[in-house]
Structures are given as C-alpha cells and as structure tokens.
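Next comes data_11.txt, with compact mmCIF, C-alpha atoms and all ligand atoms.
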# COMPACT_ATOMS: atom_id res chain seq x y z
CA MET Z 1 17.74 20.60 5.71
CA LYS Z 2 16.60 17.21 6.92
CA ASP Z 3 13.57 17.01 9.19
CA LYS Z 4 14.58 16.85 12.83
CA LYS Z 5 12.93 15.69 16.01
CA LEU Z 6 11.97 18.28 18.59
CA PRO Z 7 14.36 18.32 21.54
CA LEU Z 8 11.27 17.90 23.73
CA ASP Z 9 8.31 15.87 22.63
CA ARG Z 10 5.00 17.55 22.06
CA THR Z 11 3.30 15.82 24.99
CA THR Z 12 5.93 17.14 27.37
CA LEU Z 13 5.55 20.59 25.89
CA ASN Z 14 1.76 20.43 26.21
CA ASP Z 15 2.10 19.27 29.81
CA LEU Z 16 4.36 22.22 30.48
CA ALA Z 17 1.78 24.48 28.84
CA SER Z 18 -0.97 23.19 31.10
CA ILE Z 19 1.24 23.62 34.16
CA LEU Z 20 1.87 27.19 33.08
CA ASN Z 21 -1.89 27.57 32.53
CA ALA Z 22 -1.20 28.64 29.02
CA THR Z 23 -4.53 28.75 27.20
CA SER Z 24 -3.85 30.83 24.13
CA SER Z 25 -3.55 29.12 20.79
CA ASP Z 26 0.14 29.94 20.65
CA SER Z 27 0.84 28.39 24.04
CA PHE Z 28 2.88 25.86 22.15
CA LEU Z 29 5.11 28.66 20.94
CA ASP Z 30 5.35 30.08 24.46
CA ILE Z 31 7.03 26.99 25.76
CA CYS Z 32 8.79 25.86 22.62
CA PRO Z 33 12.58 25.91 22.95
CA ILE Z 34 13.44 29.52 22.25
CA PHE Z 35 15.69 28.96 19.21
CA LEU Z 36 12.90 26.97 17.58
CA ARG Z 37 10.21 29.42 18.57
CA ASP Z 38 11.94 32.32 16.87
CA LYS Z 39 12.47 30.28 13.75
CA ILE Z 40 8.83 29.23 13.70
CA ILE Z 41 7.66 32.81 14.14
CA ASN Z 42 10.07 33.91 11.41
CA LYS Z 43 8.67 31.20 9.20
CA GLU Z 44 11.94 29.45 8.87
CA LEU Z 45 10.65 26.29 10.48
CA SER Z 46 7.35 24.48 10.91
CA ILE Z 47 6.33 21.76 13.34
CA CYS Z 48 4.63 18.68 12.05
CA GLU Z 49 0.96 18.50 13.07
CA THR Z 50 1.06 14.81 13.84
CA CYS Z 51 4.46 14.24 15.41
CA ASP Z 52 7.27 16.11 17.09
CA THR Z 53 9.35 16.79 14.04
CA PHE Z 54 10.23 20.23 12.79
CA PHE Z 55 11.12 21.00 9.21
CA LYS Z 56 11.97 23.86 6.88
CA TYR Z 57 9.01 26.19 6.48
CA ILE Z 58 7.09 25.82 3.23
CA PRO Z 59 3.70 27.57 2.88
CA GLN Z 60 0.80 25.10 3.30
CA LYS Z 61 3.15 22.34 4.37
CA LYS Z 62 1.83 20.94 7.66
CA PHE Z 63 3.48 17.56 7.95
CA CYS Z 64 7.05 16.33 8.12
CA ALA Z 65 8.31 14.16 5.25
CA GLU Z 66 7.60 10.93 7.12
CA CYS Z 67 4.04 11.84 8.13
CA ALA Z 68 3.29 13.31 4.70
CA ARG Z 69 4.43 10.07 3.09
CA LYS Z 70 2.26 8.00 5.45
CA ARG Z 71 -0.76 10.20 4.78
CA ASN Z 72 -0.20 10.08 1.04
CA ASN Z 73 0.11 6.32 1.05
CA ALA Z 74 -3.07 5.93 3.06
CA SER Z 75 -5.07 8.31 0.91
CA SER Z 76 -3.72 7.02 -2.40
CA ALA Z 77 -4.50 3.43 -1.41
CA ALA Z 78 -8.05 4.49 -0.62
CA GLY Z 79 -8.18 6.46 -3.86
CA ASN Z 80 -6.97 3.47 -5.86
CA ARG Z 81 -9.61 1.25 -4.30
CA LYS Z 82 -12.32 3.77 -5.05
CA TYR Z 83 -11.10 4.16 -8.64
CA TYR Z 84 -11.05 0.40 -9.10
CA GLU Z 85 -14.60 -0.02 -7.76
CA LYS Z 86 -15.84 2.69 -10.06
CA ASN Z 87 -14.03 1.48 -13.18
CA LYS Z 88 -13.85 -2.24 -12.54
CA GLU Z 89 -15.23 -3.32 -15.92
CA LYS Z 90 -12.99 -0.95 -17.83
CA ILE Z 91 -9.89 -2.03 -15.91
CA LEU Z 92 -10.63 -5.73 -16.33
CA ALA Z 93 -11.22 -5.18 -20.06
CA GLN Z 94 -7.90 -3.31 -20.31
CA ASN Z 95 -6.16 -6.14 -18.47
CA ARG Z 96 -7.67 -8.76 -20.79
CA LYS Z 97 -6.67 -6.73 -23.82
CA TYR Z 98 -3.14 -6.32 -22.52
CA LEU Z 99 -2.87 -10.04 -21.82
CA GLN Z 100 -4.08 -10.88 -25.33
CA GLU Z 101 -1.79 -8.40 -27.02
CA ASN Z 102 1.36 -9.26 -25.09
CA PRO Z 103 1.42 -13.03 -24.66
CA GLU Z 104 5.20 -13.28 -25.03
CA LYS Z 105 5.88 -10.56 -22.52
CA ILE Z 106 3.50 -12.12 -19.99
CA LYS Z 107 4.99 -15.57 -20.55
CA ALA Z 108 8.47 -14.18 -19.92
CA ILE Z 109 7.34 -12.45 -16.72
CA ARG Z 110 5.65 -15.60 -15.49
CA ARG Z 111 8.66 -17.72 -16.35
CA LYS Z 112 10.91 -15.37 -14.44
CA TYR Z 113 8.52 -15.45 -11.48
CA ARG Z 114 8.44 -19.26 -11.51
CA GLU Z 115 12.23 -19.43 -11.62
CA LYS Z 116 12.50 -17.06 -8.70
CA ASN Z 117 9.74 -18.57 -6.54
CA PRO Z 118 9.66 -22.34 -7.04
CA GLU Z 119 8.73 -23.03 -3.42
CA LYS Z 120 5.90 -20.53 -3.41
CA ILE Z 121 4.49 -22.03 -6.57
CA LYS Z 122 4.73 -25.57 -5.25
CA GLU Z 123 2.84 -24.43 -2.17
CA ILE Z 124 0.13 -22.69 -4.24
CA ARG Z 125 -0.25 -25.78 -6.44
CA ARG Z 126 -0.43 -28.09 -3.41
CA LYS Z 127 -3.09 -25.93 -1.82
CA TYR Z 128 -5.07 -25.76 -5.05
CA LEU Z 129 -4.99 -29.55 -5.45
CA GLU Z 130 -6.05 -30.03 -1.87
CA GLU Z 131 -8.92 -27.60 -2.09
CA ASN Z 132 -10.17 -28.77 -5.49
CA ARG Z 133 -9.59 -32.51 -5.30
CA GLU Z 134 -13.26 -33.31 -5.98
CA LYS Z 135 -13.42 -31.03 -8.99
CA ILE Z 136 -10.16 -32.34 -10.40
CA ASN Z 137 -11.15 -36.00 -9.90
CA ALA Z 138 -14.50 -35.36 -11.57
CA ARG Z 139 -12.74 -33.73 -14.53
CA GLU Z 140 -10.33 -36.66 -14.79
CA ARG Z 141 -13.21 -39.15 -14.73
CA ALA Z 142 -15.11 -37.18 -17.38
CA ARG Z 143 -12.02 -37.05 -19.59
CA TYR Z 144 -11.44 -40.78 -19.14
CA HIS Z 145 -15.00 -41.67 -20.07
CA ALA Z 146 -15.02 -39.31 -23.03
CA LYS Z 147 -11.88 -40.96 -24.33
CA LYS Z 148 -13.38 -44.44 -23.83
CA LYS Z 149 -16.54 -43.40 -25.61
CA LEU Z 150 -14.54 -41.97 -28.51
CA GLU Z 151 -12.68 -45.28 -28.86
CA ARG Z 152 -15.92 -47.26 -28.73
CA ASP Z 153 -17.52 -45.01 -31.34
CA LYS Z 154 -14.51 -45.43 -33.61
CA ASN Z 155 -14.68 -49.22 -33.36
CA GLU Z 156 -18.36 -49.42 -34.11
ZN ZN Z 201 5.46 14.15 11.41
Mind turning this structure into structure tokens?
Ligand SMILES: [Zn+2]
Amino acid sequence: MKDKKLPLDRTTLNDLASILNATSSDSFLDICPIFLRDKIINKELSICETCDTFFKYIPQKKFCAECARKRNNASSAAGNRKYYEKNKEKILAQNRKYLQENPEKIKAIRRKYREKNPEKIKEIRRKYLEENREKINARERARYHAKKKLERDKNE
C-alpha cells in the first residue's frame, strides 16, 4: 500500500478535538475518520508523527516514507560531517592514496567532466585568474627572470 494523505489534516482534527474538549491522549483517535480509527486501533495503519499521512502499520515505524526519508537524509548528513571531522586525516590520506594509485581513472573522470561542463570550467578559470592575478603575475615574472639568469649563466 502506498502512503496516503489523511482526508482531514491533523490541524483540523486537533481543532475539532479542542472544540470537543477532548483531553485524553487518544483524542486524536476519537475524532479520526472512523474507518481510519478502526484500522489504527487494529494496527493495520499508523499515522505519521510529523505530517498527515497514514501508512501500513509496521511496529516501531512512526513516520511516513517521505518524512522518514527527510529525517534520514538530515541525520546522515550530520553523521557524515561528524565522521569527517573525526577522521579528517585518515580520509585525506585515503584520498591521496587513491589519487596516486588511480591516475588514469581520475584523468578519465576529469576529462569526461571537462567535456560535459566546458562553460563551468571556463567560469572557474576566469574567476581563479581574476582572484589570483597578483600571484600569477609574480610567478610569471619569477619564471622570466630565472630563465634570463640561466641564459646569462650559460653565456658566461
Ligand atoms: Zn510524514
């Protein structure tokens, strides 16, 4: 069964509950559409804790597919960040090792990327040149003078 939206949203149901002065913890069930209520009591269906979707009952399952996916993404992104912070050196070392051991593979991937994104790369290069003009000019000058010096030394 695919997850389905409640015929009434949870806010409306909660408003109804407050109008009815329902205070018990199952007030939601009291005002839930009857066909859903029976299914929830029979543990055929559950209602998502964070939205108005109901889904097939599975023990411990509290969220619809959509909300579960969102929660997983959020927590796994946080987990990844934490793992990276903790193992930064190890990960960087692994990356370096991988780069050294697979130069052909990396070259192929980069070539493919360049072929697919020429505009993006032009833009990155332009930005880099703009932001590092001083550095690049200095390097050019140094190279020029080194070459000149080499020629002079040779002629002496
Ligand atoms: Zn949900």
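For the pair atom CA of Cys48 of chain Z and atom CA of Cys32 of chain Z, the interatomic distance is 13.4 Å.
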List all protein, DNA and RNA residues that have an atom no more than 10 Å from any atom of ligand ZN 201 (chain Z), counting all atoms listed in the file, and report them as a short mmCIF file (atom, residue, chain, number, x, y, z; two decimals) with C-alpha atoms, in the coordinates of the input.
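Final file, pocket04.cif:
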data_model
loop_
_atom_site.label_atom_id
_atom_site.label_comp_id
_atom_site.auth_asym_id
_atom_site.auth_seq_id
_atom_site.Cartn_x
_atom_site.Cartn_y
_atom_site.Cartn_z
CA ASP Z 3 13.57 17.01 9.19
CA LYS Z 4 14.58 16.85 12.83
CA LYS Z 5 12.93 15.69 16.01
CA ILE Z 47 6.33 21.76 13.34
CA CYS Z 48 4.63 18.68 12.05
CA GLU Z 49 0.96 18.50 13.07
CA THR Z 50 1.06 14.81 13.84
CA CYS Z 51 4.46 14.24 15.41
CA ASP Z 52 7.27 16.11 17.09
CA THR Z 53 9.35 16.79 14.04
CA PHE Z 54 10.23 20.23 12.79
CA PHE Z 55 11.12 21.00 9.21
CA LYS Z 62 1.83 20.94 7.66
CA PHE Z 63 3.48 17.56 7.95
CA CYS Z 64 7.05 16.33 8.12
CA ALA Z 65 8.31 14.16 5.25
CA GLU Z 66 7.60 10.93 7.12
CA CYS Z 67 4.04 11.84 8.13
CA ALA Z 68 3.29 13.31 4.70
CA ARG Z 69 4.43 10.07 3.09
CA LYS Z 70 2.26 8.00 5.45
CA ARG Z 71 -0.76 10.20 4.78
#
If you measure from atom CA of Glu134 of chain Z to atom CA of Lys120 of chain Z, what distance in Å do you get, rounded to one decimal? 23.2 Å
Would you compute the distance between atom CA of Lys56 of chain Z and atom CA of Asn42 of chain Z? Give it in Å to one decimal. 11.2 Å
